[in-house]
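Enquirer: Provided below: structure_17.cif, containing mmCIF, N, CA and C atoms.
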```cif
data_data
loop_
_atom_site.label_atom_id
_atom_site.label_comp_id
_atom_site.auth_asym_id
_atom_site.auth_seq_id
_atom_site.Cartn_x
_atom_site.Cartn_y
_atom_site.Cartn_z
N MET D 18 102.33 26.98 162.42
CA MET D 18 102.16 28.21 161.67
C MET D 18 101.40 29.22 162.53
N SER D 19 101.89 30.44 162.60
CA SER D 19 101.25 31.48 163.39
C SER D 19 100.00 32.00 162.68
N GLU D 20 99.11 32.66 163.45
CA GLU D 20 97.91 33.25 162.85
C GLU D 20 98.27 34.24 161.76
N ALA D 21 99.28 35.08 162.02
CA ALA D 21 99.68 36.10 161.04
C ALA D 21 100.17 35.44 159.75
N THR D 22 100.99 34.39 159.89
CA THR D 22 101.50 33.69 158.72
C THR D 22 100.35 33.02 157.96
N ASP D 23 99.43 32.43 158.70
CA ASP D 23 98.29 31.77 158.10
C ASP D 23 97.43 32.78 157.34
N ILE D 24 97.15 33.92 157.94
CA ILE D 24 96.36 34.96 157.28
C ILE D 24 97.07 35.44 156.02
N GLU D 25 98.36 35.70 156.11
CA GLU D 25 99.13 36.17 154.95
C GLU D 25 99.11 35.13 153.83
N GLY D 26 99.24 33.87 154.20
CA GLY D 26 99.24 32.81 153.19
C GLY D 26 97.89 32.67 152.50
N ARG D 27 96.80 32.74 153.28
CA ARG D 27 95.47 32.64 152.68
C ARG D 27 95.14 33.88 151.85
N LEU D 28 95.60 35.05 152.30
CA LEU D 28 95.42 36.28 151.52
C LEU D 28 96.13 36.16 150.18
N ALA D 29 97.38 35.70 150.21
CA ALA D 29 98.16 35.55 148.97
C ALA D 29 97.49 34.55 148.03
N ALA D 30 96.99 33.45 148.59
CA ALA D 30 96.33 32.43 147.76
C ALA D 30 95.07 33.00 147.10
N TYR D 31 94.26 33.73 147.89
CA TYR D 31 93.03 34.31 147.34
C TYR D 31 93.36 35.33 146.25
N CYS D 32 94.29 36.22 146.55
CA CYS D 32 94.66 37.25 145.56
C CYS D 32 95.18 36.60 144.28
N GLY D 33 95.96 35.53 144.43
CA GLY D 33 96.45 34.82 143.25
C GLY D 33 95.33 34.22 142.42
N ARG D 34 94.36 33.62 143.08
CA ARG D 34 93.23 33.01 142.39
C ARG D 34 92.38 34.05 141.67
N ARG D 35 92.25 35.24 142.25
CA ARG D 35 91.39 36.29 141.69
C ARG D 35 92.18 37.34 140.90
N GLN D 36 93.48 37.13 140.75
CA GLN D 36 94.36 38.07 140.05
C GLN D 36 94.27 39.48 140.63
N LEU D 37 94.37 39.52 141.96
CA LEU D 37 94.34 40.78 142.69
C LEU D 37 95.72 41.06 143.26
N GLU D 38 96.01 42.33 143.42
CA GLU D 38 97.26 42.76 144.05
C GLU D 38 96.94 43.34 145.42
N ARG D 39 97.60 42.84 146.45
CA ARG D 39 97.42 43.39 147.79
C ARG D 39 98.00 44.79 147.83
N LEU D 40 97.22 45.74 148.36
CA LEU D 40 97.65 47.14 148.41
C LEU D 40 97.98 47.61 149.81
N GLY D 41 97.46 46.94 150.83
CA GLY D 41 97.75 47.35 152.19
C GLY D 41 96.64 46.99 153.14
N PRO D 42 96.87 47.19 154.43
CA PRO D 42 95.85 46.84 155.43
C PRO D 42 94.74 47.88 155.49
N LEU D 43 93.54 47.41 155.82
CA LEU D 43 92.41 48.31 156.10
C LEU D 43 92.04 48.27 157.57
N GLY D 44 92.24 47.13 158.21
CA GLY D 44 91.90 47.02 159.62
C GLY D 44 92.03 45.59 160.11
N SER D 45 91.81 45.44 161.40
CA SER D 45 91.85 44.11 161.99
C SER D 45 90.88 44.08 163.16
N GLY D 46 90.49 42.87 163.52
CA GLY D 46 89.56 42.71 164.62
C GLY D 46 89.66 41.32 165.19
N MET D 47 88.71 40.99 166.03
CA MET D 47 88.77 39.70 166.72
C MET D 47 88.48 38.52 165.80
N HIS D 48 87.89 38.78 164.62
CA HIS D 48 87.55 37.68 163.71
C HIS D 48 88.49 37.57 162.52
N GLY D 49 89.37 38.54 162.34
CA GLY D 49 90.30 38.47 161.21
C GLY D 49 90.82 39.83 160.82
N ASN D 50 91.46 39.87 159.66
CA ASN D 50 92.07 41.09 159.16
C ASN D 50 91.48 41.45 157.81
N VAL D 51 91.47 42.76 157.52
CA VAL D 51 90.93 43.25 156.26
C VAL D 51 92.03 44.00 155.52
N PHE D 52 92.11 43.74 154.21
CA PHE D 52 93.15 44.32 153.38
C PHE D 52 92.53 44.98 152.15
N ARG D 53 93.22 45.98 151.62
CA ARG D 53 92.85 46.59 150.34
C ARG D 53 93.54 45.80 149.24
N ALA D 54 92.84 45.64 148.13
CA ALA D 54 93.43 44.97 146.97
C ALA D 54 92.88 45.61 145.72
N GLY D 55 93.60 45.44 144.63
CA GLY D 55 93.18 46.01 143.36
C GLY D 55 93.58 45.09 142.22
N SER D 56 93.10 45.44 141.04
CA SER D 56 93.39 44.66 139.85
C SER D 56 93.61 45.60 138.68
N PRO D 57 94.57 45.31 137.83
CA PRO D 57 94.77 46.17 136.67
C PRO D 57 93.57 46.16 135.72
N THR D 58 92.74 45.13 135.78
CA THR D 58 91.61 45.03 134.86
C THR D 58 90.30 45.52 135.46
N ALA D 59 90.29 45.84 136.77
CA ALA D 59 89.06 46.30 137.42
C ALA D 59 89.23 47.72 137.92
N ALA D 60 88.13 48.45 137.92
CA ALA D 60 88.17 49.83 138.42
C ALA D 60 88.03 49.81 139.94
N GLY D 61 88.81 50.62 140.61
CA GLY D 61 88.69 50.76 142.06
C GLY D 61 89.35 49.65 142.84
N GLU D 62 89.21 49.77 144.14
CA GLU D 62 89.80 48.80 145.06
C GLU D 62 88.70 47.94 145.66
N VAL D 63 89.11 46.82 146.22
CA VAL D 63 88.21 45.94 146.94
C VAL D 63 88.77 45.71 148.33
N ALA D 64 87.92 45.25 149.22
CA ALA D 64 88.33 44.88 150.57
C ALA D 64 88.32 43.36 150.66
N ILE D 65 89.39 42.80 151.20
CA ILE D 65 89.51 41.36 151.38
C ILE D 65 89.58 41.08 152.87
N LYS D 66 88.58 40.36 153.40
CA LYS D 66 88.59 40.00 154.81
C LYS D 66 88.98 38.54 154.95
N VAL D 67 90.04 38.30 155.70
CA VAL D 67 90.53 36.95 155.95
C VAL D 67 90.16 36.60 157.39
N HIS D 68 89.28 35.63 157.55
CA HIS D 68 88.79 35.23 158.88
C HIS D 68 89.76 34.27 159.56
N LEU D 69 89.76 34.32 160.87
CA LEU D 69 90.59 33.41 161.66
C LEU D 69 89.93 32.05 161.85
N ARG D 70 88.59 32.06 161.99
CA ARG D 70 87.88 30.81 162.29
C ARG D 70 86.68 30.65 161.37
N ARG D 71 86.28 29.39 161.17
CA ARG D 71 85.20 29.07 160.23
C ARG D 71 83.83 29.61 160.66
N GLU D 72 83.44 29.46 161.94
CA GLU D 72 82.08 29.85 162.34
C GLU D 72 81.79 31.33 162.07
N PRO D 73 82.64 32.27 162.50
CA PRO D 73 82.34 33.68 162.18
C PRO D 73 82.34 33.94 160.67
N PHE D 74 83.19 33.25 159.92
CA PHE D 74 83.19 33.39 158.47
C PHE D 74 81.84 32.98 157.90
N GLU D 75 81.34 31.82 158.32
CA GLU D 75 80.07 31.33 157.78
C GLU D 75 78.90 32.23 158.14
N VAL D 76 78.89 32.76 159.36
CA VAL D 76 77.83 33.69 159.78
C VAL D 76 77.89 34.95 158.93
N GLU D 77 79.08 35.49 158.76
CA GLU D 77 79.22 36.73 157.99
C GLU D 77 78.90 36.50 156.51
N LEU D 78 79.35 35.38 155.96
CA LEU D 78 79.03 35.07 154.57
C LEU D 78 77.53 34.97 154.37
N GLU D 79 76.85 34.23 155.23
CA GLU D 79 75.39 34.08 155.11
C GLU D 79 74.71 35.45 155.19
N THR D 80 75.19 36.31 156.06
CA THR D 80 74.61 37.65 156.18
C THR D 80 74.81 38.45 154.90
N TYR D 81 76.03 38.45 154.36
CA TYR D 81 76.28 39.19 153.12
C TYR D 81 75.50 38.61 151.95
N LEU D 82 75.32 37.29 151.89
CA LEU D 82 74.53 36.69 150.82
C LEU D 82 73.08 37.15 150.91
N ARG D 83 72.54 37.21 152.11
CA ARG D 83 71.16 37.68 152.29
C ARG D 83 71.03 39.16 151.96
N LEU D 84 72.01 39.95 152.38
CA LEU D 84 71.99 41.37 152.05
C LEU D 84 72.05 41.58 150.54
N ARG D 85 72.88 40.78 149.87
CA ARG D 85 72.99 40.89 148.41
C ARG D 85 71.67 40.51 147.74
N GLU D 86 71.07 39.40 148.21
CA GLU D 86 69.80 38.95 147.64
C GLU D 86 68.72 40.01 147.80
N ALA D 87 68.73 40.70 148.94
CA ALA D 87 67.73 41.75 149.21
C ALA D 87 68.15 43.11 148.64
N LYS D 88 69.32 43.17 148.00
CA LYS D 88 69.83 44.41 147.40
C LYS D 88 69.97 45.53 148.42
N VAL D 89 70.48 45.19 149.60
CA VAL D 89 70.67 46.17 150.67
C VAL D 89 72.04 46.84 150.50
N ALA D 90 72.04 48.15 150.34
CA ALA D 90 73.28 48.92 150.23
C ALA D 90 73.46 49.87 151.41
N GLN D 91 72.36 50.12 152.14
CA GLN D 91 72.41 50.98 153.33
C GLN D 91 71.44 50.46 154.37
N VAL D 92 71.81 50.68 155.63
CA VAL D 92 70.93 50.38 156.76
C VAL D 92 70.90 51.63 157.64
N LEU D 93 69.74 52.26 157.72
CA LEU D 93 69.56 53.47 158.51
C LEU D 93 70.63 54.52 158.22
N GLY D 94 70.96 54.69 156.93
CA GLY D 94 71.94 55.68 156.51
C GLY D 94 73.38 55.23 156.56
N PHE D 95 73.63 54.01 157.01
CA PHE D 95 74.99 53.47 157.07
C PHE D 95 75.24 52.61 155.83
N ASN D 96 76.34 52.87 155.15
CA ASN D 96 76.70 52.11 153.95
C ASN D 96 77.10 50.68 154.31
N VAL D 97 76.67 49.74 153.48
CA VAL D 97 76.96 48.33 153.67
C VAL D 97 77.79 47.86 152.48
N PRO D 98 78.96 47.24 152.74
CA PRO D 98 79.76 46.72 151.62
C PRO D 98 78.97 45.67 150.84
N GLN D 99 79.25 45.59 149.56
CA GLN D 99 78.61 44.60 148.71
C GLN D 99 79.56 43.41 148.53
N LEU D 100 79.04 42.21 148.69
CA LEU D 100 79.84 41.01 148.53
C LEU D 100 80.16 40.81 147.05
N LEU D 101 81.44 40.67 146.75
CA LEU D 101 81.89 40.47 145.37
C LEU D 101 82.33 39.04 145.12
N GLY D 102 82.84 38.40 146.15
CA GLY D 102 83.32 37.03 146.01
C GLY D 102 83.69 36.47 147.37
N TYR D 103 83.94 35.18 147.40
CA TYR D 103 84.36 34.55 148.65
C TYR D 103 85.02 33.21 148.34
N ASP D 104 85.74 32.70 149.32
CA ASP D 104 86.36 31.38 149.22
C ASP D 104 86.20 30.69 150.57
N ALA D 105 85.32 29.69 150.60
CA ALA D 105 85.02 29.00 151.86
C ALA D 105 86.20 28.18 152.35
N GLU D 106 87.05 27.72 151.45
CA GLU D 106 88.24 26.98 151.86
C GLU D 106 89.24 27.88 152.57
N LEU D 107 89.43 29.09 152.05
CA LEU D 107 90.40 30.03 152.60
C LEU D 107 89.80 30.93 153.68
N LEU D 108 88.48 30.88 153.88
CA LEU D 108 87.77 31.74 154.84
C LEU D 108 87.95 33.21 154.50
N VAL D 109 87.72 33.54 153.24
CA VAL D 109 87.95 34.89 152.73
C VAL D 109 86.67 35.45 152.11
N LEU D 110 86.39 36.71 152.43
CA LEU D 110 85.31 37.47 151.80
C LEU D 110 85.92 38.61 151.00
N GLU D 111 85.40 38.86 149.81
CA GLU D 111 85.81 40.01 148.99
C GLU D 111 84.61 40.93 148.87
N MET D 112 84.81 42.21 149.23
CA MET D 112 83.71 43.17 149.28
C MET D 112 84.13 44.49 148.66
N THR D 113 83.12 45.30 148.37
CA THR D 113 83.40 46.67 147.94
C THR D 113 83.93 47.47 149.12
N VAL D 114 84.68 48.50 148.83
CA VAL D 114 85.13 49.45 149.84
C VAL D 114 84.07 50.54 149.91
N VAL D 115 83.58 50.84 151.11
CA VAL D 115 82.53 51.84 151.27
C VAL D 115 83.04 53.04 152.07
N GLN D 116 82.37 54.15 151.87
CA GLN D 116 82.70 55.38 152.59
C GLN D 116 81.91 55.46 153.89
N GLN D 117 82.44 56.21 154.85
CA GLN D 117 81.75 56.42 156.12
C GLN D 117 80.48 57.24 155.88
N PRO D 118 79.49 57.04 156.69
CA PRO D 118 79.37 56.06 157.77
C PRO D 118 79.08 54.68 157.19
N PHE D 119 79.56 53.64 157.86
CA PHE D 119 79.37 52.29 157.34
C PHE D 119 79.16 51.28 158.46
N VAL D 120 78.61 50.15 158.04
CA VAL D 120 78.46 48.97 158.89
C VAL D 120 79.29 47.89 158.22
N LEU D 121 80.25 47.32 158.95
CA LEU D 121 81.19 46.42 158.31
C LEU D 121 81.17 44.99 158.81
N ASP D 122 81.02 44.80 160.09
CA ASP D 122 81.28 43.50 160.68
C ASP D 122 79.98 42.79 161.02
N PHE D 123 79.74 41.67 160.34
CA PHE D 123 78.52 40.91 160.57
C PHE D 123 78.83 39.51 161.12
N ALA D 124 80.03 39.31 161.67
CA ALA D 124 80.43 37.99 162.14
C ALA D 124 79.69 37.54 163.39
N GLU D 125 79.04 38.46 164.09
CA GLU D 125 78.29 38.11 165.30
C GLU D 125 76.77 38.19 165.09
N VAL D 126 76.34 38.38 163.85
CA VAL D 126 74.92 38.52 163.55
C VAL D 126 74.21 37.19 163.78
N ARG D 127 72.97 37.26 164.23
CA ARG D 127 72.12 36.08 164.37
C ARG D 127 70.85 36.36 163.58
N LEU D 128 70.63 35.60 162.51
CA LEU D 128 69.53 35.89 161.60
C LEU D 128 68.27 35.06 161.82
N ASP D 129 68.40 33.83 162.21
CA ASP D 129 67.25 32.94 162.20
C ASP D 129 66.70 32.58 163.57
N PHE D 130 67.19 33.24 164.59
CA PHE D 130 66.65 33.02 165.92
C PHE D 130 66.87 34.27 166.74
N PRO D 131 65.97 34.53 167.68
CA PRO D 131 66.11 35.76 168.48
C PRO D 131 67.30 35.66 169.44
N LEU D 132 67.84 36.78 169.76
CA LEU D 132 68.89 36.83 170.77
C LEU D 132 68.31 36.45 172.12
N GLU D 133 69.10 35.77 172.90
CA GLU D 133 68.64 35.37 174.21
C GLU D 133 69.24 36.26 175.28
N PHE D 134 68.35 36.93 176.02
CA PHE D 134 68.73 37.77 177.14
C PHE D 134 67.80 37.45 178.30
N PRO D 135 68.25 37.66 179.51
CA PRO D 135 67.35 37.48 180.66
C PRO D 135 66.17 38.44 180.55
N ASP D 136 65.05 38.07 181.14
CA ASP D 136 63.83 38.88 181.08
C ASP D 136 64.05 40.32 181.54
N ASP D 137 64.87 40.52 182.58
CA ASP D 137 65.07 41.87 183.08
C ASP D 137 65.80 42.75 182.06
N VAL D 138 66.62 42.16 181.24
CA VAL D 138 67.30 42.93 180.19
C VAL D 138 66.28 43.40 179.16
N TRP D 139 65.39 42.49 178.73
CA TRP D 139 64.34 42.88 177.78
C TRP D 139 63.42 43.94 178.38
N THR D 140 63.07 43.81 179.65
CA THR D 140 62.21 44.78 180.33
C THR D 140 62.87 46.16 180.31
N HIS D 141 64.13 46.21 180.66
CA HIS D 141 64.87 47.47 180.68
C HIS D 141 64.93 48.07 179.27
N TRP D 142 65.19 47.24 178.28
CA TRP D 142 65.28 47.72 176.89
C TRP D 142 63.95 48.34 176.46
N ARG D 143 62.84 47.64 176.76
CA ARG D 143 61.52 48.15 176.37
C ARG D 143 61.20 49.48 177.08
N GLU D 144 61.61 49.59 178.34
CA GLU D 144 61.36 50.82 179.09
C GLU D 144 62.14 51.99 178.51
N GLU D 145 63.29 51.73 177.95
CA GLU D 145 64.12 52.79 177.38
C GLU D 145 63.62 53.26 176.02
N LYS D 146 62.78 52.48 175.37
CA LYS D 146 62.30 52.83 174.03
C LYS D 146 61.21 53.87 174.07
#
```
For the structure just supplied, provide its representation as structure tokens.

Expert:
Amino acid sequence: MSEATDIEGRLAAYCGRRQLERLGPLGSGMHGNVFRAGSPTAAGEVAIKVHLRREPFEVELETYLRLREAKVAQVLGFNVPQLLGYDAELLVLEMTVVQQPFVLDFAEVRLDFPLEFPDDVWTHWREEK
């Protein structure tokens, strides 16, 4: 099964489970594809992100769960989508659709440990601040 077929199949399964109708693509990236979806019983559209691999899905899910717990809707003036639902089996996140400017992709976030860079990189960064 190709990645595209797999993504389409998992998207269809998620939409079926949540009674959502796929409306079209929103974007794609190295970790998966994002689609617009809607429901006759809900107001507005939602964004459905279908991940290609488990690790980026889990990192992004954990980030959105923490953002939701902290009630974060903006970071430095950038809108942050709100997590509405997810399916760990299908590697799918369901989020609100936000207006620009926005921060969307948290699949590379590291929350519980500092980023590792060589000392000279940190020195240069500090000098630039």

Enquirer: Skipping near chain neighbours, those fewer than 3 positions away, what residues fall within 6 Å of D:Pro98 using only C-alpha atoms, listed as a list in words?

Expert: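 Skipping anything fewer than 3 positions along the chain leaves Met112, Thr113 and Val115 of chain D.
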
Enquirer: So, counting all atoms listed in the file, which residue among D:Leu78, D:Ile24, D:Ile65, D:Ala29 is closest to D:Leu43?

Expert: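 Residue with the minimum atom-to-atom distance to D:Leu43: D:Ile65.
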
Enquirer: Under the rule that only C-alpha atoms are counted, which of D:Ala87, D:Pro135, D:Leu82, D:Ser56 is the nearest residue to D:Leu100?

Expert: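 Of all the options, D:Leu82 lies closest to D:Leu100.
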
Enquirer: Quick one: everything within 7 Å of D:Val114, counting only N, CA and C atoms, minus sequence neighbours fewer than 3 positions away in the same chain. Send it as a list in words.

Expert: Glu62, Val63, Ala64, Pro98 and Gln99 of chain D

Enquirer: Hey, can you check how far atom N of D:Arg70 sits from atom N of D:Ala54?

Expert: 19.9 Å

Enquirer: Under the rule that only C-alpha atoms are counted, which of D:Leu37, D:Ala30, D:Val51, D:Val120 is the nearest residue to D:Phe95?

Expert: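 Looking only at the distances to D:Phe95, the closest residue turns out to be D:Val120.
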
Enquirer: For a quick check of understanding, using only N, CA and C atoms, which of D:Glu144, D:Lys66, D:Gly49, D:Glu86 has the smallest distance to D:Glu111?

Expert: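 The shortest atom-to-atom distance to D:Glu111 comes from D:Lys66.
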
Enquirer: Could you work out how far atom C of D:Gln36 lies from atom CA of D:Ala60, giving the answer in Å with one decimal?

Expert: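 So the two atoms, atom CA of D:Ala60 and atom C of D:Gln36, lie 12.2 Å apart.
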
Enquirer: When DSSP is applied to the backbone of this structure, which of chain D are assigned strand (DSSP E or B)? Write them out as a PyMOL selection string.

Expert: chain D and resi 38-46+49-55+62-68+91-92+95-96+100-104+109-113+119

Enquirer: With all atoms listed in the file as the atoms that count, which of D:Lys146, D:His141, D:Arg39, D:His48 lies nearest to D:Pro73?

Expert: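 Checking each candidate against D:Pro73, we get D:His48 as the closest.
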
Enquirer: So, with only C-alpha atoms as the atoms that count, which of D:Glu133, D:Arg53, D:Leu108, D:Arg143 lies closest to D:Val76?

Expert: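 Using only C-alpha atoms, D:Val76 sits closest to D:Leu108.
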
Enquirer: Give the helix (DSSP H, G or I) residues of chain D, as assigned by DSSP on the backbone, as a PyMOL selection string.

Expert: chain D and resi 20-35+71-86+136-145
